[in-house]
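S.K.: The following file, final_34.cif, comprises mmCIF, C-alpha atoms:
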```cif
data_coords
#
loop_
_atom_site.label_atom_id
_atom_site.label_comp_id
_atom_site.auth_asym_id
_atom_site.auth_seq_id
_atom_site.Cartn_x
_atom_site.Cartn_y
_atom_site.Cartn_z
CA MET A 1 -17.87 11.02 19.69
CA SER A 2 -16.60 9.03 16.66
CA VAL A 3 -18.81 6.78 14.53
CA ALA A 4 -16.82 3.75 15.74
CA ALA A 5 -17.49 4.58 19.39
CA ARG A 6 -21.16 5.56 18.87
CA PHE A 7 -22.08 2.45 16.89
CA ARG A 8 -19.61 0.11 18.62
CA LEU A 9 -17.71 -1.12 15.59
CA ASN A 10 -15.43 -3.96 16.55
CA SER A 11 -11.99 -5.00 15.29
CA ILE A 12 -13.46 -7.04 12.44
CA SER A 13 -14.71 -3.81 10.85
CA TYR A 14 -11.22 -2.31 10.95
CA LEU A 15 -9.76 -5.42 9.38
CA ALA A 16 -12.50 -5.31 6.72
CA PHE A 17 -11.48 -1.73 6.02
CA LEU A 18 -7.84 -2.81 5.59
CA VAL A 19 -8.80 -5.64 3.21
CA TRP A 20 -11.11 -3.25 1.29
CA THR A 21 -8.24 -0.80 0.83
CA LEU A 22 -5.83 -3.53 -0.30
CA ALA A 23 -8.36 -4.82 -2.85
CA LEU A 24 -9.12 -1.37 -4.27
CA VAL A 25 -5.45 -0.40 -4.49
CA ALA A 26 -5.01 -3.44 -6.72
CA LEU A 27 -8.22 -2.98 -8.74
CA LEU A 28 -8.63 0.75 -9.35
CA PRO A 29 -7.25 2.53 -12.42
CA ASP A 30 -5.05 5.60 -11.83
CA ALA A 31 -7.79 8.08 -12.74
CA ARG A 32 -9.95 7.03 -9.76
CA LEU A 33 -7.21 7.07 -7.16
CA GLY A 34 -7.98 10.65 -6.10
CA LEU A 35 -11.58 9.76 -5.24
CA PHE A 36 -10.42 6.58 -3.52
CA LEU A 37 -7.95 8.50 -1.40
CA LEU A 38 -10.70 10.91 -0.37
CA ALA A 39 -12.87 7.92 0.57
CA VAL A 40 -10.07 6.43 2.71
CA LEU A 41 -9.54 9.79 4.44
CA ALA A 42 -13.28 10.19 5.00
CA VAL A 43 -13.57 6.72 6.55
CA GLY A 44 -10.53 7.44 8.76
CA ALA A 45 -12.05 10.76 9.88
CA LEU A 46 -15.46 9.14 10.51
CA LEU A 47 -13.85 6.45 12.63
CA GLY A 48 -12.05 9.19 14.55
CA SER A 49 -8.85 7.24 14.25
CA SER A 50 -5.53 8.34 15.71
CA GLY A 51 -4.00 6.55 12.75
CA LEU A 52 -4.51 9.74 10.74
CA ARG A 53 -1.67 11.21 12.79
CA ILE A 54 0.84 9.75 10.34
CA LEU A 55 -0.21 12.63 8.06
CA THR A 56 1.55 14.99 10.45
CA ARG A 57 4.87 13.13 10.27
CA GLY A 58 7.64 14.64 8.19
CA ARG A 59 9.11 11.25 7.33
CA PHE A 60 5.82 10.15 5.77
CA TRP A 61 5.72 13.14 3.40
CA LEU A 62 9.45 12.90 2.70
CA THR A 63 9.03 9.29 1.53
CA LEU A 64 6.18 10.25 -0.80
CA ALA A 65 7.96 13.36 -2.11
CA SER A 66 11.03 11.28 -2.90
CA VAL A 67 8.87 8.90 -4.99
CA VAL A 68 7.47 11.82 -7.03
CA VAL A 69 10.89 13.45 -7.51
CA VAL A 70 12.68 10.21 -8.43
CA SER A 71 9.89 9.33 -10.88
CA GLY A 72 10.24 12.77 -12.50
CA LEU A 73 13.96 12.17 -12.87
CA LEU A 74 13.86 8.56 -14.08
CA LEU A 75 10.59 7.84 -15.86
CA GLY A 76 9.21 9.07 -19.19
CA GLU A 77 10.49 11.52 -21.74
CA ARG A 78 12.38 14.46 -20.23
CA ASP A 79 10.47 17.49 -21.45
CA LEU A 80 10.94 19.95 -18.57
CA GLN A 81 14.00 22.06 -17.82
CA TRP A 82 14.44 23.18 -14.20
CA GLY A 83 17.80 24.80 -13.64
CA PHE A 84 20.38 22.25 -14.69
CA LEU A 85 17.91 19.38 -14.20
CA ARG A 86 15.96 17.80 -17.04
CA LEU A 87 12.71 16.35 -15.75
CA SER A 88 9.76 14.44 -17.13
CA ARG A 89 6.16 15.59 -16.86
CA GLU A 90 4.96 12.02 -17.46
CA GLY A 91 7.33 10.75 -14.73
CA PHE A 92 5.90 13.24 -12.23
CA ILE A 93 2.35 12.13 -13.01
CA ILE A 94 3.28 8.44 -12.63
CA GLY A 95 5.02 9.32 -9.34
CA LEU A 96 1.88 11.08 -8.12
CA TRP A 97 -0.29 8.00 -8.80
CA MET A 98 2.28 5.78 -7.11
CA SER A 99 2.24 8.09 -4.08
CA ALA A 100 -1.57 8.11 -3.99
CA ARG A 101 -1.61 4.30 -3.77
CA ALA A 102 1.05 4.37 -1.07
CA VAL A 103 -0.83 7.00 0.98
CA ALA A 104 -4.05 4.96 0.81
CA LEU A 105 -2.30 1.79 1.95
CA MET A 106 -0.31 3.43 4.71
CA LEU A 107 -3.39 5.26 6.00
CA ALA A 108 -5.51 2.09 6.02
CA PHE A 109 -2.75 0.24 7.80
CA ALA A 110 -2.25 2.99 10.40
CA ILE A 111 -6.01 3.42 11.00
CA SER A 112 -6.60 -0.32 11.45
CA LEU A 113 -3.59 -0.76 13.70
CA ALA A 114 -4.43 2.24 15.87
CA ALA A 115 -7.87 0.75 16.54
CA LEU A 116 -6.62 -2.65 17.64
CA SER A 117 -5.53 -3.14 21.22
CA VAL A 118 -3.71 -6.29 22.32
CA SER A 119 -6.86 -7.67 23.97
CA GLU A 120 -8.86 -6.97 20.81
CA MET A 121 -6.24 -8.80 18.77
CA VAL A 122 -6.38 -11.75 21.16
CA ARG A 123 -10.18 -11.83 20.85
CA LEU A 124 -9.86 -11.68 17.08
CA PHE A 125 -7.67 -14.76 17.12
CA GLU A 126 -10.15 -16.44 19.45
CA ALA A 127 -12.95 -15.64 17.04
CA ALA A 128 -10.88 -17.33 14.32
CA ASN A 129 -10.48 -20.43 16.55
CA LEU A 130 -6.79 -19.62 17.10
CA ARG A 131 -6.92 -19.08 20.83
CA GLY A 132 -3.39 -20.37 21.35
CA LEU A 133 -1.97 -17.82 18.97
CA GLY A 134 -3.85 -15.02 20.73
CA PHE A 135 -2.48 -16.25 24.06
CA ALA A 136 1.06 -16.42 22.61
CA LEU A 137 0.72 -12.87 21.35
CA GLY A 138 -0.37 -11.62 24.76
CA VAL A 139 2.56 -13.43 26.43
CA ALA A 140 5.03 -12.09 23.81
CA LEU A 141 3.95 -8.49 24.29
CA ASN A 142 4.19 -8.80 28.06
CA LEU A 143 7.54 -10.62 27.92
CA GLY A 144 8.96 -7.98 25.57
CA PRO A 145 10.55 -5.61 28.13
CA VAL A 146 12.01 -8.51 30.17
CA LEU A 147 13.57 -10.13 27.11
CA ARG A 148 14.84 -6.79 25.90
CA ASP A 149 16.73 -6.37 29.18
CA ALA A 150 18.09 -9.91 28.84
CA VAL A 151 19.33 -9.17 25.30
CA GLU A 152 21.03 -5.97 26.43
CA ALA A 153 22.59 -7.65 29.50
CA ALA A 154 24.02 -10.47 27.35
CA TYR A 155 25.39 -7.98 24.81
CA HIS A 156 27.10 -5.82 27.45
CA THR A 157 28.50 -8.82 29.34
CA ILE A 158 30.13 -10.23 26.19
CA ARG A 159 31.37 -6.77 25.16
CA LEU A 160 32.92 -6.01 28.56
CA ARG A 161 34.70 -9.37 28.54
CA GLY A 162 36.21 -8.48 25.18
CA GLY A 163 34.20 -11.15 23.42
CA PHE A 164 33.72 -9.11 20.26
CA ARG A 165 37.39 -9.42 19.31
CA LYS A 166 36.28 -12.71 17.74
CA PRO A 167 32.98 -11.67 16.12
CA ALA A 168 31.83 -15.11 14.94
CA GLN A 169 32.35 -16.75 18.35
CA ALA A 170 30.88 -13.72 20.11
CA MET A 171 27.76 -13.86 17.95
CA ARG A 172 27.31 -17.56 18.71
CA LEU A 173 27.84 -17.00 22.42
CA PHE A 174 25.45 -14.05 22.34
CA LEU A 175 22.68 -16.02 20.61
CA VAL A 176 23.10 -19.10 22.86
CA THR A 177 23.00 -16.93 26.00
CA VAL A 178 20.03 -14.90 24.83
CA ILE A 179 18.00 -17.92 23.69
CA ALA A 180 18.81 -19.96 26.83
CA ASN A 181 17.83 -17.02 29.07
CA ALA A 182 14.66 -16.43 27.08
CA LEU A 183 13.68 -20.09 27.43
CA ARG A 184 14.27 -19.90 31.19
CA TYR A 185 11.84 -16.96 31.34
CA GLY A 186 9.47 -19.02 29.23
CA ASP A 187 9.69 -21.88 31.74
CA ASP A 188 8.88 -19.46 34.56
CA VAL A 189 5.76 -18.39 32.67
CA VAL A 190 4.81 -22.05 32.12
CA LYS A 191 5.20 -22.70 35.86
CA SER A 192 3.04 -19.67 36.69
CA ALA A 193 0.37 -20.81 34.25
CA SER A 194 0.42 -24.34 35.70
CA ALA A 195 0.23 -22.99 39.28
CA ARG A 196 -2.91 -21.10 38.30
CA ALA A 197 -4.36 -24.17 36.57
CA PHE A 198 -4.49 -22.19 33.33
CA ASP A 199 -6.34 -24.01 30.56
CA LEU A 200 -6.21 -22.80 26.98
CA ASP A 201 -9.44 -24.55 26.12
CA ALA A 202 -11.42 -22.87 28.88
CA LYS A 203 -13.38 -19.82 27.73
CA THR A 204 -12.64 -16.59 29.63
CA GLU A 205 -13.92 -13.77 27.45
CA PRO A 206 -16.84 -13.67 25.04
CA ALA A 207 -15.62 -13.95 21.45
CA LEU A 208 -16.04 -11.02 19.07
CA GLN A 209 -19.43 -10.92 17.45
CA VAL A 210 -20.41 -9.14 14.28
CA GLY A 211 -23.07 -6.59 15.22
CA TRP A 212 -25.51 -4.73 12.96
CA ALA A 213 -23.16 -1.72 12.91
CA ASP A 214 -20.31 -3.90 11.59
CA ALA A 215 -22.59 -5.39 8.93
CA LEU A 216 -23.76 -1.90 7.91
CA PHE A 217 -20.15 -0.67 7.77
CA ALA A 218 -19.14 -3.66 5.60
CA CYS A 219 -22.10 -3.02 3.25
CA ALA A 220 -21.10 0.65 2.97
CA LEU A 221 -17.53 -0.36 2.11
CA VAL A 222 -18.72 -2.84 -0.53
CA GLY A 223 -21.09 -0.23 -2.02
CA MET A 224 -18.42 2.44 -2.08
CA GLY A 225 -15.90 0.00 -3.58
CA ALA A 226 -18.35 -1.09 -6.30
CA ALA A 227 -19.12 2.54 -7.14
CA LEU A 228 -15.42 3.32 -7.46
CA VAL A 229 -14.63 0.25 -9.57
CA PHE A 230 -17.66 0.24 -11.87
CA ALA A 231 -18.43 3.98 -12.17
CA VAL A 232 -18.26 5.01 -15.83
CA MET B 233 -2.72 -24.66 14.72
CA GLY B 234 -5.59 -25.71 16.93
CA SER B 235 -4.97 -25.24 20.63
CA SER B 236 -6.12 -28.79 21.51
CA ARG B 237 -2.97 -30.40 20.07
CA TRP B 238 -0.62 -27.83 21.56
CA ALA B 239 0.35 -27.60 25.20
CA VAL B 240 0.58 -24.28 27.04
CA ARG B 241 4.37 -24.70 27.04
CA ASP B 242 4.40 -24.84 23.23
CA TRP B 243 2.48 -21.58 22.92
CA ILE B 244 4.67 -19.89 25.52
CA TYR B 245 7.78 -20.95 23.61
CA VAL B 246 6.22 -19.61 20.40
CA ALA B 247 5.66 -16.34 22.29
CA VAL B 248 9.26 -16.32 23.58
CA PHE B 249 10.80 -16.84 20.14
CA GLY B 250 8.35 -14.42 18.51
CA ALA B 251 9.20 -11.77 21.09
CA LEU B 252 12.92 -12.46 20.70
CA TRP B 253 12.80 -12.09 16.92
CA GLY B 254 10.67 -8.95 17.35
CA ILE B 255 13.11 -7.43 19.86
CA LEU B 256 16.11 -8.13 17.63
CA GLU B 257 14.22 -6.57 14.69
CA ILE B 258 13.54 -3.46 16.74
CA THR B 259 16.90 -3.05 18.50
CA LEU B 260 19.44 -4.49 16.06
CA GLY B 261 17.33 -3.52 13.03
CA SER B 262 17.14 0.13 14.10
CA TYR B 263 20.86 0.13 14.87
CA LEU B 264 21.73 -1.29 11.44
CA HIS B 265 19.42 1.20 9.70
CA VAL B 266 21.43 4.00 11.31
CA LEU B 267 24.74 2.30 10.52
CA PHE B 268 24.02 1.72 6.83
CA PRO B 269 22.69 4.32 4.38
CA PRO B 270 19.07 3.89 3.23
CA LEU B 271 20.15 2.73 -0.24
CA ALA B 272 21.87 -0.32 1.25
CA ASP B 273 18.83 -1.17 3.37
CA THR B 274 17.37 -4.08 1.42
CA PHE B 275 20.66 -5.72 0.64
CA VAL B 276 22.68 -5.26 3.84
CA VAL B 277 20.18 -4.64 6.64
CA GLY B 278 17.48 -6.83 5.09
CA LEU B 279 19.91 -9.66 4.55
CA ILE B 280 21.33 -9.54 8.10
CA MET B 281 17.90 -9.27 9.70
CA ALA B 282 16.46 -12.05 7.50
CA GLY B 283 19.38 -14.31 8.46
CA ILE B 284 19.02 -13.63 12.18
CA GLY B 285 15.24 -14.00 11.97
CA ALA B 286 15.62 -17.36 10.24
CA ILE B 287 18.07 -18.55 12.92
CA ILE B 288 15.74 -17.54 15.77
CA ALA B 289 12.64 -19.07 14.16
CA LEU B 290 14.46 -22.30 13.32
CA VAL B 291 15.83 -22.62 16.85
CA GLY B 292 12.23 -22.05 17.96
CA ARG B 293 11.18 -25.03 15.81
CA TRP B 294 13.75 -27.12 17.70
CA PHE B 295 11.98 -26.40 20.98
CA VAL B 296 8.43 -26.53 19.61
CA PRO B 297 8.74 -29.55 17.32
CA LYS B 298 5.29 -29.16 15.79
CA ARG B 299 4.14 -28.20 12.34
CA GLY B 300 3.01 -24.58 12.25
CA SER B 301 5.31 -23.40 15.04
CA VAL B 302 7.55 -21.32 12.74
CA LEU B 303 4.50 -19.68 11.19
CA GLY B 304 3.19 -18.96 14.69
CA ILE B 305 6.53 -17.39 15.65
CA GLY B 306 6.41 -15.27 12.47
CA VAL B 307 2.85 -14.07 13.13
CA VAL B 308 3.73 -13.14 16.73
CA THR B 309 6.88 -11.32 15.54
CA ALA B 310 4.98 -9.39 12.86
CA ILE B 311 2.30 -8.23 15.29
CA PHE B 312 4.91 -7.54 17.97
CA LYS B 313 6.76 -5.31 15.51
CA ALA B 314 3.56 -3.56 14.43
CA PHE B 315 2.58 -2.76 18.01
CA SER B 316 6.05 -1.74 19.04
CA LEU B 317 6.76 0.83 16.37
CA GLY B 318 3.56 2.08 14.77
CA GLY B 319 3.57 4.19 11.61
CA ILE B 320 5.06 2.97 8.36
CA VAL B 321 6.09 -0.63 9.00
CA ILE B 322 4.39 -2.48 6.15
CA GLY B 323 7.69 -3.56 4.57
CA PRO B 324 9.22 -5.42 7.54
CA ILE B 325 5.87 -6.99 8.46
CA VAL B 326 5.39 -8.37 4.95
CA ALA B 327 9.00 -9.61 5.00
CA ILE B 328 8.65 -11.34 8.39
CA LEU B 329 5.41 -13.07 7.39
CA ALA B 330 6.77 -14.13 4.00
CA GLU B 331 9.94 -15.54 5.57
CA ALA B 332 7.93 -17.45 8.19
CA ILE B 333 5.60 -18.89 5.53
CA LEU B 334 8.53 -20.00 3.36
CA MET B 335 10.32 -21.65 6.30
CA GLU B 336 7.11 -23.38 7.34
CA LEU B 337 6.58 -24.66 3.79
CA ALA B 338 10.07 -26.19 3.78
CA LEU B 339 9.57 -27.75 7.21
CA TRP B 340 6.23 -29.27 6.14
CA LEU B 341 8.16 -31.61 3.86
CA ARG B 342 9.01 -33.94 6.76
CA ALA B 343 7.52 -34.42 10.21
CA THR B 344 10.98 -34.69 11.78
CA PRO B 345 13.29 -32.02 10.38
CA THR B 346 16.89 -32.66 9.40
CA ARG B 347 19.84 -30.30 9.06
CA LEU B 348 19.28 -30.29 5.30
CA LEU B 349 15.66 -29.27 5.74
CA TYR B 350 16.74 -26.49 8.10
CA MET B 351 19.17 -25.28 5.44
CA LEU B 352 16.43 -25.35 2.81
CA ALA B 353 14.09 -23.46 5.13
CA GLY B 354 16.78 -20.84 5.81
CA ALA B 355 17.62 -20.52 2.11
CA LEU B 356 13.97 -20.02 1.18
CA ALA B 357 13.44 -17.47 3.94
CA VAL B 358 16.48 -15.33 3.16
CA SER B 359 15.92 -15.56 -0.60
CA TRP B 360 12.69 -13.63 0.01
CA ASN B 361 14.98 -10.63 0.56
CA PHE B 362 15.65 -10.73 -3.21
CA PHE B 363 11.97 -10.51 -4.18
CA HIS B 364 10.92 -8.23 -1.32
CA LYS B 365 11.57 -4.90 -3.01
CA PHE B 366 9.82 -6.03 -6.21
CA VAL B 367 6.74 -7.10 -4.26
CA MET B 368 6.71 -3.97 -2.10
CA MET B 369 7.03 -1.69 -5.13
CA TRP B 370 4.10 -3.48 -6.75
CA LEU B 371 2.07 -3.54 -3.52
CA LEU B 372 2.71 0.05 -2.49
CA TYR B 373 3.11 1.85 -5.78
CA GLY B 374 1.50 -0.48 -8.32
CA GLN B 375 4.61 -0.48 -10.48
CA GLY B 376 8.34 0.19 -10.37
CA ILE B 377 9.53 -3.37 -10.99
CA VAL B 378 11.72 -2.26 -13.89
CA GLN B 379 13.28 0.47 -11.75
CA VAL B 380 14.03 -2.00 -8.95
CA TYR B 381 15.60 -4.36 -11.46
CA THR B 382 17.72 -1.57 -12.99
CA LYS B 383 18.83 -0.33 -9.58
CA MET B 384 19.63 -3.85 -8.44
CA VAL B 385 21.77 -4.48 -11.53
CA LYS B 386 23.63 -1.15 -11.14
CA GLU B 387 24.32 -1.67 -7.44
CA GLY B 388 25.25 -5.30 -8.01
CA SER B 389 27.61 -4.27 -10.81
CA LYS B 390 29.39 -1.85 -8.44
CA LEU B 391 29.49 -4.37 -5.60
CA LEU B 392 30.77 -7.30 -7.67
CA GLY B 393 32.92 -5.33 -10.10
CA ILE B 394 31.10 -6.89 -13.08
CA ASP B 395 30.07 -4.87 -16.13
CA VAL B 396 26.36 -3.89 -16.28
CA ALA B 397 26.15 -5.71 -19.64
CA TYR B 398 26.16 -9.01 -17.70
CA ALA B 399 22.90 -8.11 -15.99
CA VAL B 400 21.59 -11.70 -15.82
CA ALA B 401 24.83 -12.94 -14.25
CA ILE B 402 24.70 -10.13 -11.67
CA ILE B 403 21.08 -10.96 -10.77
CA VAL B 404 21.85 -14.69 -10.51
CA ILE B 405 24.89 -14.03 -8.28
CA LEU B 406 22.89 -11.68 -6.03
CA PHE B 407 20.15 -14.28 -5.71
CA LEU B 408 22.56 -17.15 -5.06
CA PHE B 409 24.34 -15.07 -2.43
CA ARG B 410 21.08 -14.81 -0.52
CA VAL B 411 20.41 -18.52 -0.91
CA ILE B 412 23.85 -19.31 0.52
CA VAL B 413 23.41 -16.88 3.44
CA GLY B 414 20.03 -18.49 4.14
CA ALA B 415 21.45 -22.01 4.02
CA VAL B 416 24.19 -20.95 6.46
CA ALA B 417 21.50 -19.45 8.72
CA GLY B 418 19.68 -22.80 8.60
CA TRP B 419 22.91 -24.64 9.45
CA ILE B 420 23.53 -22.27 12.40
CA GLY B 421 19.90 -22.62 13.52
CA TRP B 422 20.27 -26.40 13.65
CA ASP B 423 23.53 -26.18 15.65
CA LEU B 424 22.25 -23.49 17.98
CA GLY B 425 19.12 -25.48 18.77
CA ARG B 426 21.25 -28.42 19.76
CA LEU B 427 23.69 -26.26 21.76
CA VAL B 428 20.96 -24.46 23.69
CA GLY B 429 19.18 -27.76 24.30
CA ARG B 430 22.37 -29.26 25.74
CA ARG B 431 23.05 -26.19 27.85
CA LEU B 432 19.57 -26.24 29.33
CA ALA B 433 19.74 -30.00 29.90
CA ARG B 434 22.93 -29.57 31.94
CA GLU B 435 21.18 -27.28 34.43
#
```
Take the structure I supplied and represent it as structure tokens, if you would.
M.R.:
Amino acid sequence: MSVAARFRLNSISYLAFLVWTLALVALLPDARLGLFLLAVLAVGALLGSSGLRILTRGRFWLTLASVVVVSGLLLGERDLQWGFLRLSREGFIIGLWMSARAVALMLAFAISLAALSVSEMVRLFEAANLRGLGFALGVALNLGPVLRDAVEAAYHTIRLRGGFRKPAQAMRLFLVTVIANALRYGDDVVKSASARAFDLDAKTEPALQVGWADALFACALVGMGAALVFAV
Amino acid sequence: MGSSRWAVRDWIYVAVFGALWGILEITLGSYLHVLFPPLADTFVVGLIMAGIGAIIALVGRWFVPKRGSVLGIGVVTAIFKAFSLGGIVIGPIVAILAEAILMELALWLRATPTRLLYMLAGALAVSWNFFHKFVMMWLLYGQGIVQVYTKMVKEGSKLLGIDVAYAVAIIVILFLFRVIVGAVAGWIGWDLGRLVGRRLARE
């Protein structure tokens, strides 16, 4: 069982972790990035997050490798000969630090996102007194597949009628059709909400509350961050 | 954006336009990424997607004529995109949020928007595309601004057929191009809002 599940960390802790990572990426000197990266990985592992799965993706490593290689080719004095290529040791090192920052940010982002479900996100907005936005988000995510079908249907209808021979007119027709259809779906949702006497101001779920585990987690992050920033 | 001032219909429309922008980002955006090589991403794909996003959000403002609606649409789109794809999507999310904030700032100037304000909002939103790579390089890698600038000048020189020596002119032209595309997107957004409104009123 992960630490998050055992101690019931809520979404606020994951967001705190994301903010912590963003702040340290901006504050830390290059020399401490290795330790910082280890700390991010350790927190991710402790939380038992599926966000760490991005480490198994080829595209992720390819992006980082390209940063290191391009830096070796473009930055610093070229003091290494590799076949017909002249590379820079300094460039490689700069590329490595750049990649370390990128890995930390991407990991924090993936870990935080993997932990947040739609309902958690809605509750987060409610906690921030933005209930309407949470409601809109829930509606948007549920409307997604329907609207996607509407977009595809409009595209194929215009294409089959030969509308794309005049691209500008076709684009206008496409956008008008798609937006008008989307608004019709929106009106259906409004009618359903009215039929159920839905009231945005009525409370349905308890708002997110910061528990002792969240406070402890935040303190640990602050302590770890201070140690990384101020360690001599 | 307190819920007390907003009706359920307003929030549902925000959701509809947020979802629409998100869907176009996912479907059309992915298609364009395949169509154009990665090096042209920021300029071509980014520019097209920023323009379309601005149009959708500004049409949304037509139907939810309240301050904050464009920002709401942007937030919904950003989260929609994050949940739909997963993985490395920091760049587009930052871009969507920045564009929404810039459009909202322009629309805050007057309670009742005009075509000119829509054009300003569009221009501001799409001009973010120019700064996006600089900000992302700084945010993700902590540096690289000089490299982005150099690359932008080289690519711009090839595209415009102007010598690299006129770097400032190239940068200004590239920036102005985005401003013009954005203003056109604002113009289209204004017209589309009216057209869709008329079409729905006829039914």
S.K.: Quick one: residues within 10 Å of Leu55 of chain A, all atoms listed in the file, excluding same-chain residues fewer than 4 positions away - as a ChimeraX atom specification?
M.R.: /A:51,59-61,103,106-107 /B:319
S.K.: Within 6 Å of chain B, which residues of chain A show up? Give each one with its shortest atom-to-atom distance in Å (one decimal) and the two atoms involved, counting all atoms listed in the file, rows by chain then rising residue number, as a Markdown table.
M.R.:
```
| residue | atom | partner | partner_atom | distance |
| --- | --- | --- | --- | --- |
| A:Met98 | CA | B:Tyr373 | CA | 4.2 |
| A:Arg101 | CA | B:Tyr373 | CA | 5.7 |
| A:Ala102 | CA | B:Leu372 | CA | 4.8 |
| A:Gly132 | CA | B:Ser235 | CA | 5.2 |
| A:Ala136 | CA | B:Ala247 | CA | 4.6 |
| A:Leu137 | CA | B:Val308 | CA | 5.5 |
| A:Val139 | CA | B:Ala247 | CA | 5.9 |
| A:Ala140 | CA | B:Ala247 | CA | 4.6 |
| A:Gly144 | CA | B:Ala251 | CA | 5.9 |
| A:Val176 | CA | B:Val428 | CA | 5.8 |
| A:Ala180 | CA | B:Val428 | CA | 5.9 |
| A:Val190 | CA | B:Arg241 | CA | 5.7 |
```
S.K.: Taking all listed atoms of segment 344-347 of chain B, build the axis-aligned box, pad each of the six sides by 6 Å, then write its centre and edge lengths in Å to one decimal as JSON.
M.R.:
```
{"center_x": 15.4, "center_y": -32.5, "center_z": 10.4, "size_x": 20.9, "size_y": 16.4, "size_z": 14.7}
```
S.K.: Run the PyMOL selection byres ((chain B and resi 407-413) around 7) on the file and write out the hits as a list in words.
M.R.: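 Applied to this file, the PyMOL selection byres ((chain B and resi 407-413) around 7) returns Gly283, Ala355, Leu356, Val358, Ser359, Phe362, Ile403, Val404, Ile405, Leu406, Gly414, Ala415, Val416 and Ala417 of chain B.
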S.K.: Can you translate the PyMOL selection byres ((chain A and resi 228) around 12) into the concrete residues it hits in this file, as a ChimeraX atom specification?
M.R.: /A:20-21,23-25,27-40,221-227,229-232
S.K.: Can you pull out the residues contacting Leu337 of chain B? Cut-off 10 Å, using all atoms listed in the file, and skip same-chain residues under 3 positions away; I want them as a tab-separated table (two decimals) with C-alpha atoms, keeping the file's coordinate frame.
M.R.:
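Written output follows (around_3.tsv):
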```tsv
chain	number	residue	atom	x	y	z
B	299	ARG	CA	4.14	-28.20	12.34
B	300	GLY	CA	3.01	-24.58	12.25
B	302	VAL	CA	7.55	-21.32	12.74
B	303	LEU	CA	4.50	-19.68	11.19
B	331	GLU	CA	9.94	-15.54	5.57
B	332	ALA	CA	7.93	-17.45	8.19
B	333	ILE	CA	5.60	-18.89	5.53
B	334	LEU	CA	8.53	-20.00	3.36
B	340	TRP	CA	6.23	-29.27	6.14
B	341	LEU	CA	8.16	-31.61	3.86
B	352	LEU	CA	16.43	-25.35	2.81
B	353	ALA	CA	14.09	-23.46	5.13
B	356	LEU	CA	13.97	-20.02	1.18
B	357	ALA	CA	13.44	-17.47	3.94
```
S.K.: Please indicate the distance in Å from atom CA of Glu77 of chain A to atom CA of Val380 of chain B, rounded to one decimal place.
M.R.: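 Computing it gives 18.9 Å between the two atoms.
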